[in-house]
>>> print(open('input_26.cif').read())   # mmCIF, C-alpha atoms and all ligand atoms
data_final
#
loop_
_atom_site.label_atom_id
_atom_site.label_comp_id
_atom_site.auth_asym_id
_atom_site.auth_seq_id
_atom_site.Cartn_x
_atom_site.Cartn_y
_atom_site.Cartn_z
CA MET A 227 113.27 171.80 -26.14
CA THR A 228 111.94 172.84 -29.50
CA LEU A 229 113.59 176.02 -30.68
CA PRO A 230 111.20 178.40 -32.38
CA LEU A 231 111.81 178.75 -36.09
CA PHE A 232 112.80 182.38 -35.77
CA ASP A 233 112.89 185.08 -33.13
CA ALA A 234 112.77 188.13 -35.38
CA GLU A 235 110.53 189.00 -38.30
CA PRO A 236 111.87 186.81 -41.13
CA LEU A 237 111.83 187.75 -44.78
CA PRO A 238 108.52 186.68 -46.28
CA PRO A 239 108.43 183.37 -48.16
CA GLN A 240 109.21 183.89 -51.82
CA VAL A 241 107.56 181.63 -54.41
CA ILE A 242 110.21 181.08 -57.07
CA ALA A 243 108.26 178.56 -59.15
CA ASP A 244 105.06 176.56 -58.83
CA GLY A 245 105.53 174.51 -55.64
CA ALA A 246 108.96 175.98 -54.81
CA VAL A 247 109.35 178.39 -51.92
CA LEU A 248 112.49 180.22 -50.85
CA LEU A 249 112.72 181.07 -47.15
CA ARG A 250 115.62 183.51 -47.22
CA GLY A 251 117.83 183.29 -44.17
CA TRP A 252 115.39 181.23 -42.13
CA ALA A 253 118.13 178.82 -41.00
CA ALA A 254 120.55 181.61 -40.14
CA VAL A 255 118.85 182.43 -36.84
CA HIS A 256 119.90 179.15 -35.23
CA ALA A 257 123.02 178.67 -37.35
CA HIS A 258 125.06 177.51 -34.37
CA ALA A 259 122.50 174.83 -33.55
CA TRP A 260 122.36 173.72 -37.20
CA ILE A 261 126.14 173.46 -37.36
CA ALA A 262 126.40 171.69 -34.00
CA ALA A 263 123.81 169.14 -35.12
CA VAL A 264 125.68 168.51 -38.38
CA GLN A 265 128.95 168.16 -36.48
CA GLN A 266 127.31 165.59 -34.22
CA VAL A 267 126.39 163.60 -37.34
CA LEU A 268 129.85 164.04 -38.86
CA ALA A 269 131.48 162.64 -35.70
CA GLN A 270 129.67 159.38 -36.48
CA GLN A 271 129.54 159.62 -40.26
CA PRO A 272 132.40 161.73 -41.68
CA PHE A 273 132.15 163.20 -45.16
CA GLN A 274 133.30 160.76 -47.81
CA ALA A 275 133.93 160.82 -51.53
CA ALA A 276 130.93 160.34 -53.79
CA PHE A 277 130.72 158.91 -57.30
CA THR A 278 128.37 159.50 -60.20
CA ALA A 279 126.15 156.78 -61.64
CA SER A 280 128.88 156.10 -64.19
CA GLY A 281 131.49 155.72 -61.44
CA LEU A 282 133.28 159.04 -61.90
CA PRO A 283 134.38 160.83 -58.72
CA MET A 284 132.26 163.82 -57.74
CA SER A 285 133.73 167.00 -56.31
CA VAL A 286 131.16 167.00 -53.52
CA ARG A 287 131.59 164.87 -50.40
CA THR A 288 128.61 163.41 -48.60
CA SER A 289 127.31 162.28 -45.23
CA ASN A 290 123.84 161.19 -44.13
CA CYS A 291 121.64 160.78 -41.14
CA GLY A 292 118.23 159.21 -40.74
CA GLU A 293 116.74 155.78 -41.23
CA TRP A 294 118.00 155.82 -44.81
CA GLY A 295 120.90 157.51 -46.51
CA TRP A 296 121.80 158.34 -50.08
CA ALA A 297 124.91 156.39 -50.96
CA ALA A 298 126.91 157.26 -54.05
CA SER A 299 129.63 154.65 -53.97
CA ARG A 300 131.58 152.94 -56.75
CA SER A 301 129.21 149.99 -56.48
CA GLY A 302 126.13 152.04 -57.31
CA TYR A 303 123.91 154.68 -55.84
CA GLY A 304 120.57 155.05 -54.16
CA TYR A 305 119.04 154.85 -50.71
CA THR A 306 120.44 152.31 -48.29
CA ARG A 307 119.96 151.48 -44.61
CA SER A 308 123.66 151.49 -43.93
CA ASP A 309 126.84 152.98 -45.32
CA PRO A 310 128.12 150.59 -48.02
CA ALA A 311 131.69 151.62 -47.12
CA THR A 312 131.48 150.53 -43.47
CA GLY A 313 128.33 148.40 -43.22
CA MET A 314 127.24 150.58 -40.30
CA PRO A 315 123.70 151.95 -40.13
CA TRP A 316 123.46 155.67 -40.84
CA PRO A 317 123.42 157.78 -37.65
CA ALA A 318 120.02 158.86 -36.37
CA MET A 319 118.67 162.23 -37.48
CA PRO A 320 119.14 164.68 -34.60
CA THR A 321 115.78 165.83 -33.24
CA PHE A 322 116.66 169.47 -33.85
CA LEU A 323 117.22 168.84 -37.56
CA LYS A 324 114.02 166.85 -37.97
CA GLN A 325 111.88 169.39 -36.12
CA GLN A 326 113.31 172.34 -38.03
CA ALA A 327 112.82 170.58 -41.38
CA GLN A 328 109.22 169.79 -40.51
CA ALA A 329 108.50 173.34 -39.36
CA LEU A 330 110.18 174.86 -42.43
CA ALA A 331 108.20 172.58 -44.76
CA ALA A 332 104.97 173.58 -43.03
CA GLN A 333 105.85 177.27 -43.41
CA ALA A 334 106.31 176.67 -47.13
CA GLY A 335 102.89 175.03 -47.43
CA TYR A 336 103.83 171.39 -46.90
CA PRO A 337 102.40 170.23 -43.55
CA GLY A 338 102.99 166.63 -42.53
CA PHE A 339 106.50 166.42 -43.96
CA ASP A 340 108.28 163.58 -42.20
CA PRO A 341 111.81 163.09 -43.53
CA ASP A 342 113.58 159.75 -43.18
CA VAL A 343 116.84 161.01 -44.73
CA CYS A 344 119.03 164.05 -44.42
CA LEU A 345 121.74 164.01 -47.07
CA ILE A 346 124.57 166.38 -46.23
CA ASN A 347 126.75 167.61 -49.08
CA SER A 348 130.02 169.43 -48.51
CA TYR A 349 131.50 171.72 -51.17
CA ASP A 350 135.07 172.92 -51.12
CA VAL A 351 136.11 175.80 -53.38
CA GLY A 352 135.66 174.66 -56.99
CA ALA A 353 133.24 171.85 -56.13
CA LYS A 354 130.03 171.72 -58.15
CA MET A 355 126.96 169.65 -58.80
CA GLY A 356 125.95 168.89 -62.37
CA LEU A 357 122.42 169.29 -63.67
CA HIS A 358 120.22 166.49 -62.29
CA HIS A 359 116.86 165.80 -60.76
CA ASP A 360 116.11 163.71 -57.72
CA ALA A 361 114.08 160.68 -58.70
CA ASP A 362 115.13 157.94 -56.27
CA GLU A 363 112.51 158.77 -53.64
CA LYS A 364 109.47 156.49 -53.51
CA ASP A 365 106.80 159.16 -53.14
CA GLN A 366 107.50 162.11 -55.37
CA THR A 367 104.52 164.00 -54.02
CA ALA A 368 106.69 164.69 -50.94
CA PRO A 369 108.72 167.89 -51.10
CA ILE A 370 112.44 168.22 -50.40
CA VAL A 371 113.68 170.74 -47.84
CA SER A 372 117.11 172.13 -48.72
CA VAL A 373 119.20 174.17 -46.28
CA SER A 374 122.37 176.04 -47.28
CA LEU A 375 125.11 176.89 -44.77
CA GLY A 376 128.49 178.54 -45.16
CA LEU A 377 129.75 180.06 -48.41
CA PRO A 378 127.17 181.24 -50.95
CA CYS A 379 126.68 179.44 -54.24
CA THR A 380 125.08 180.01 -57.60
CA PHE A 381 122.16 177.60 -57.86
CA VAL A 382 120.93 176.62 -61.32
CA TRP A 383 117.22 176.06 -61.81
CA GLY A 384 115.94 174.53 -65.03
CA GLY A 385 112.77 172.81 -66.12
CA LEU A 386 111.31 169.34 -66.30
CA GLN A 387 113.46 168.45 -69.31
CA ARG A 388 117.23 168.43 -69.03
CA SER A 389 117.41 170.61 -72.14
CA ASP A 390 115.05 173.29 -70.79
CA PRO A 391 116.51 176.78 -70.31
CA VAL A 392 117.92 177.50 -66.87
CA ARG A 393 117.99 180.51 -64.62
CA SER A 394 120.34 180.94 -61.74
CA PHE A 395 120.20 182.63 -58.37
CA ARG A 396 122.36 182.88 -55.29
CA LEU A 397 121.82 180.71 -52.26
CA GLU A 398 123.41 182.09 -49.13
CA HIS A 399 124.09 180.95 -45.61
CA GLY A 400 120.78 180.20 -43.91
CA ASP A 401 118.67 180.10 -47.03
CA VAL A 402 116.04 177.38 -47.17
CA LEU A 403 114.50 176.16 -50.40
CA VAL A 404 111.45 173.92 -50.13
CA TRP A 405 110.24 172.32 -53.31
CA GLY A 406 107.52 169.96 -54.17
CA GLY A 407 104.42 169.96 -56.34
CA ALA A 408 105.03 170.94 -59.94
CA SER A 409 108.68 171.78 -59.17
CA ARG A 410 109.63 168.52 -57.55
CA MET A 411 111.24 167.02 -60.67
CA VAL A 412 112.88 170.18 -61.95
CA PHE A 413 116.49 169.83 -63.14
CA HIS A 414 118.96 171.74 -61.01
CA GLY A 415 122.63 172.07 -60.18
CA VAL A 416 125.29 174.11 -58.44
CA ARG A 417 128.02 176.13 -60.17
CA PRO A 418 131.63 175.71 -59.02
CA LEU A 419 132.00 177.21 -55.54
CA GLN A 420 133.79 180.55 -55.55
CA ALA A 421 136.64 181.12 -53.11
CA GLY A 422 135.74 182.87 -49.89
CA GLN A 423 135.72 182.63 -46.11
CA HIS A 424 132.58 182.17 -44.10
CA HIS A 425 132.75 183.23 -40.45
CA LEU A 426 131.32 179.92 -39.23
CA LEU A 427 132.34 177.36 -41.85
CA GLY A 428 135.49 178.77 -43.45
CA ALA A 429 136.01 177.92 -47.13
CA GLN A 430 133.09 175.51 -47.40
CA ARG A 431 129.44 175.26 -48.23
CA TRP A 432 127.17 172.67 -46.69
CA ASN A 433 123.84 171.71 -48.16
CA LEU A 434 121.36 169.63 -46.21
CA THR A 435 118.50 168.01 -48.09
CA PHE A 436 115.72 166.46 -46.08
CA ARG A 437 113.81 163.86 -48.02
CA MET A 438 111.10 161.29 -47.66
CA ALA A 439 112.92 158.44 -49.37
CA GLN A 440 110.78 155.48 -48.40
CA ARG A 441 107.77 157.01 -46.65
CA SER A 442 104.50 158.07 -48.21
CA TYR A 443 103.48 161.68 -47.95
CA ARG A 444 100.01 162.65 -46.83
CA GLY A 445 100.09 166.41 -46.84
C1 LIG A 501 122.86 171.81 -53.34
N1 LIG A 501 120.93 170.55 -53.93
O1 LIG A 501 122.16 172.75 -53.00
C2 LIG A 501 122.32 170.70 -54.16
N2 LIG A 501 118.19 168.44 -54.69
O2 LIG A 501 124.04 171.75 -53.06
C3 LIG A 501 120.21 169.62 -54.55
O3 LIG A 501 120.69 168.88 -55.38
C4 LIG A 501 118.81 169.50 -54.22
O4 LIG A 501 118.72 171.53 -53.02
C5 LIG A 501 116.88 168.26 -54.46
C6 LIG A 501 116.17 169.16 -53.73
C7 LIG A 501 116.77 170.25 -53.22
C8 LIG A 501 118.13 170.46 -53.47
FE FE A 502 119.25 167.50 -56.17
#
>>> encode(input="input_26.cif", output="structure tokens", more="lines below")
Ligand code: MD6
Ligand code: FE
Amino acid sequence: MTLPLFDAEPLPPQVIADGAVLLRGWAAVHAHAWIAAVQQVLAQQPFQAAFTASGLPMSVRTSNCGEWGWAASRSGYGYTRSDPATGMPWPAMPTFLKQQAQALAAQAGYPGFDPDVCLINSYDVGAKMGLHHDADEKDQTAPIVSVSLGLPCTFVWGGLQRSDPVRSFRLEHGDVLVWGGASRMVFHGVRPLQAGQHHLLGAQRWNLTFRMAQRSYRG
């Protein structure tokens, strides 16, 4: 069964930059289904340590599902068919996750989004993500759909140059950020996670990013 995107009037889409749309709380409606789907992935592909391009340990832990996955191991990083740590193919993307990502992208103005990766990042208190942009995907005309669950974070949004000024805003449980177009290569990051307790996820934040890593996008 395909769950409808929402069953109550959602907050209207908010354009935060050219090509970037914030759907506030749109994943909160089916939060239990989102979390159950992630837990199903984690049973097959538990969170593991990640490393930067220069081999330094990151504070975020990662899992993946889909035909491809983003591996950040000591031996390098990028999209792979299987987990370099185990040699096992990444678990399939649960239908619920794929359908929701496609529907959310369409609501943000990106019909035809067909993700082949969902990278799942887990933040414990104090974990952060340095300023970066996502450039390993083959077709950068495809947007990325980003879903936040659990504790809120301060998200940092910069420009196309690393040195551009940044602004920051809060991303909360259930918030969905869809970005493509002129915003696709914007530098961004996450400030250290503040302590707190979320009623569903405890002292954690999860971020799911749906990507088209190896497919071409025909919006
Ligand atoms: C995070 N997100 O929200 C980190 N990247 O924890 C990302 O790095 C990100 O949200 C590309 C597109 C959307 C994102
Ligand atoms: Fe990113």
>>> closest_residue(input="input_26.cif", among="A:Ala429, A:Ala327, A:Leu397, A:Val416", to="ligand FE 502 (chain A)", atoms="only C-alpha atoms and all ligand atoms")
A:Val416
>>> closest_atom_pairs(input="input_26.cif", of="chain A", to="ligand FE 502 (chain A)", cutoff="10 Å", atoms="all atoms listed in the file", output="tab-separated table")
residue	atom	partner	partner_atom	distance
A:Met355	CA	A:FE502	FE	8.4
A:Gly356	CA	A:FE502	FE	9.2
A:Leu357	CA	A:FE502	FE	8.3
A:His358	CA	A:FE502	FE	6.3
A:His359	CA	A:FE502	FE	5.4
A:Asp360	CA	A:FE502	FE	5.2
A:Ala361	CA	A:FE502	FE	8.9
A:Ile370	CA	A:FE502	FE	9.0
A:Ser372	CA	A:FE502	FE	9.0
A:Arg410	CA	A:FE502	FE	9.8
A:Met411	CA	A:FE502	FE	9.2
A:Val412	CA	A:FE502	FE	9.0
A:Phe413	CA	A:FE502	FE	7.9
A:His414	CA	A:FE502	FE	6.4
A:Gly415	CA	A:FE502	FE	7.0
A:Val416	CA	A:FE502	FE	9.2
A:Thr435	CA	A:FE502	FE	8.1
>>> write_last_selection(input="input_26.cif", atoms="C-alpha atoms", output="mmCIF file, keeping the file's coordinate frame")
data_model
loop_
_atom_site.group_PDB
_atom_site.id
_atom_site.type_symbol
_atom_site.label_atom_id
_atom_site.label_comp_id
_atom_site.auth_asym_id
_atom_site.auth_seq_id
_atom_site.Cartn_x
_atom_site.Cartn_y
_atom_site.Cartn_z
ATOM 1 C CA MET A 355 126.960 169.650 -58.800
ATOM 2 C CA GLY A 356 125.950 168.890 -62.370
ATOM 3 C CA LEU A 357 122.420 169.290 -63.670
ATOM 4 C CA HIS A 358 120.220 166.490 -62.290
ATOM 5 C CA HIS A 359 116.860 165.800 -60.760
ATOM 6 C CA ASP A 360 116.110 163.710 -57.720
ATOM 7 C CA ALA A 361 114.080 160.680 -58.700
ATOM 8 C CA ILE A 370 112.440 168.220 -50.400
ATOM 9 C CA SER A 372 117.110 172.130 -48.720
ATOM 10 C CA ARG A 410 109.630 168.520 -57.550
ATOM 11 C CA MET A 411 111.240 167.020 -60.670
ATOM 12 C CA VAL A 412 112.880 170.180 -61.950
ATOM 13 C CA PHE A 413 116.490 169.830 -63.140
ATOM 14 C CA HIS A 414 118.960 171.740 -61.010
ATOM 15 C CA GLY A 415 122.630 172.070 -60.180
ATOM 16 C CA VAL A 416 125.290 174.110 -58.440
ATOM 17 C CA THR A 435 118.500 168.010 -48.090
#
>>> residues_around(input="input_26.cif", residues="Asp350 (chain A)", least_positions_apart="3", cutoff="7 Å", atoms="only C-alpha atoms", output="PyMOL selection string")
chain A and resi 353+419+429-431
>>> axis_aligned_box(input="input_26.cif", around="region 284-287 of chain A", padding_each_side="4 Å", output="lines of an AutoDock Vina configuration file")
center_x = 132.4
center_y = 165.4
center_z = -54.1
size_x = 10.6
size_y = 11.2
size_z = 15.3
>>> closest_residue(input="input_26.cif", among="A:Leu330, A:Leu377, A:Asn347, A:Pro236", to="Val402 (chain A)", atoms="only C-alpha atoms")
A:Leu330
>>> atom_distance(input="input_26.cif", atom1="CA of Gln274 (chain A)", atom2="CA of Leu248 (chain A)")
28.7 Å
>>> atom_distance(input="input_26.cif", atom1="atom C4 of ligand LIG 501 (chain A)", atom2="CA of Thr312 (chain A)")
25.2 Å
>>> atom_distance(input="input_26.cif", atom1="CA of Ala269 (chain A)", atom2="CA of Val373 (chain A)")
19.9 Å
>>> residues_around(input="input_26.cif", residues="Ala263 (chain A)", least_positions_apart="3", cutoff="8 Å", atoms="all atoms listed in the file", output="list in words")
Ala259, Trp260, Gln266, Val267, Pro320, Phe322 and Leu323 of chain A
>>> closest_residue(input="input_26.cif", among="A:Ala254, A:Val404, A:Met438, A:Ala421", to="Ala329 (chain A)", atoms="all atoms listed in the file")
A:Val404
>>> closest_residue(input="input_26.cif", among="A:Phe273, A:Cys379, A:Ser409, A:Ala297", to="Arg396 (chain A)", atoms="all atoms listed in the file")
A:Cys379
>>> closest_residue(input="input_26.cif", among="A:Leu426, A:Ala275, A:Ala439, A:Ala318", to="ligand LIG 501 (chain A)", atoms="all atoms listed in the file")
A:Ala439
>>> closest_residue(input="input_26.cif", among="A:Ala311, A:Ala262, A:Met319, A:Leu403", to="Asn290 (chain A)", atoms="only C-alpha atoms")
A:Met319
>>> residues_around(input="input_26.cif", residues="Trp432 (chain A)", least_positions_apart="2", cutoff="7 Å", atoms="all atoms listed in the file", output="list of chain:residue names")
A:Ile346, A:Asn347, A:Ser348, A:Tyr349, A:Ser374, A:Leu375, A:Gly376, A:Gln430, A:Leu434
>>> residues_around(input="input_26.cif", residues="region 334-345 of chain A", least_positions_apart="5", cutoff="8 Å", atoms="only C-alpha atoms", output="number ranges by chain")
A: 239, 247, 249, 288-296, 319, 324, 327-328, 368-369, 404, 434-441, 443-445
>>> residues_near_point(input="input_26.cif", point="(131.2, 151.2, -43.5)", cutoff="12 Å", atoms="all atoms listed in the file", output="PyMOL selection string")
chain A and resi 270-272+274+289+297+299+306-317
>>> decode(input="input_26.cif", residues="region 270-305 of chain A", atoms="C-alpha atoms", output="PDB file, in the first residue's frame")
ATOM      1  CA  GLN A 270      20.967  -5.702   7.635  1.00  0.00           C
ATOM      2  CA  GLN A 271      23.416  -2.815   7.499  1.00  0.00           C
ATOM      3  CA  PRO A 272      24.222  -1.432  10.979  1.00  0.00           C
ATOM      4  CA  PHE A 273      25.664   2.047  11.367  1.00  0.00           C
ATOM      5  CA  GLN A 274      29.439   2.050  11.055  1.00  0.00           C
ATOM      6  CA  ALA A 275      32.243   4.529  11.488  1.00  0.00           C
ATOM      7  CA  ALA A 276      32.981   6.824   8.571  1.00  0.00           C
ATOM      8  CA  PHE A 277      36.223   8.509   7.547  1.00  0.00           C
ATOM      9  CA  THR A 278      37.009  11.719   5.701  1.00  0.00           C
ATOM     10  CA  ALA A 279      38.824  11.777   2.365  1.00  0.00           C
ATOM     11  CA  SER A 280      42.057  12.280   4.298  1.00  0.00           C
ATOM     12  CA  GLY A 281      41.345   9.234   6.472  1.00  0.00           C
ATOM     13  CA  LEU A 282      40.337  11.033   9.655  1.00  0.00           C
ATOM     14  CA  PRO A 283      37.449   9.515  11.623  1.00  0.00           C
ATOM     15  CA  MET A 284      34.147  11.366  11.309  1.00  0.00           C
ATOM     16  CA  SER A 285      31.773  11.836  14.219  1.00  0.00           C
ATOM     17  CA  VAL A 286      28.845  10.689  12.103  1.00  0.00           C
ATOM     18  CA  ARG A 287      28.117   7.004  11.524  1.00  0.00           C
ATOM     19  CA  THR A 288      26.609   5.787   8.277  1.00  0.00           C
ATOM     20  CA  SER A 289      24.444   3.107   6.719  1.00  0.00           C
ATOM     21  CA  ASN A 290      23.019   2.789   3.204  1.00  0.00           C
ATOM     22  CA  CYS A 291      20.342   1.120   1.206  1.00  0.00           C
ATOM     23  CA  GLY A 292      19.725   0.978  -2.515  1.00  0.00           C
ATOM     24  CA  GLU A 293      21.585  -0.315  -5.537  1.00  0.00           C
ATOM     25  CA  TRP A 294      24.536   1.848  -4.551  1.00  0.00           C
ATOM     26  CA  GLY A 295      25.803   3.162  -1.259  1.00  0.00           C
ATOM     27  CA  TRP A 296      28.143   5.924  -0.203  1.00  0.00           C
ATOM     28  CA  ALA A 297      31.118   4.328   1.488  1.00  0.00           C
ATOM     29  CA  ALA A 298      33.507   6.415   3.542  1.00  0.00           C
ATOM     30  CA  SER A 299      36.059   3.853   4.600  1.00  0.00           C
ATOM     31  CA  ARG A 300      39.774   4.135   5.332  1.00  0.00           C
ATOM     32  CA  SER A 301      40.482   2.882   1.819  1.00  0.00           C
ATOM     33  CA  GLY A 302      38.656   5.761   0.150  1.00  0.00           C
ATOM     34  CA  TYR A 303      35.194   7.073  -0.409  1.00  0.00           C
ATOM     35  CA  GLY A 304      32.529   7.200  -3.059  1.00  0.00           C
ATOM     36  CA  TYR A 305      29.649   5.111  -4.357  1.00  0.00           C
TER      37      TYR A 305
END
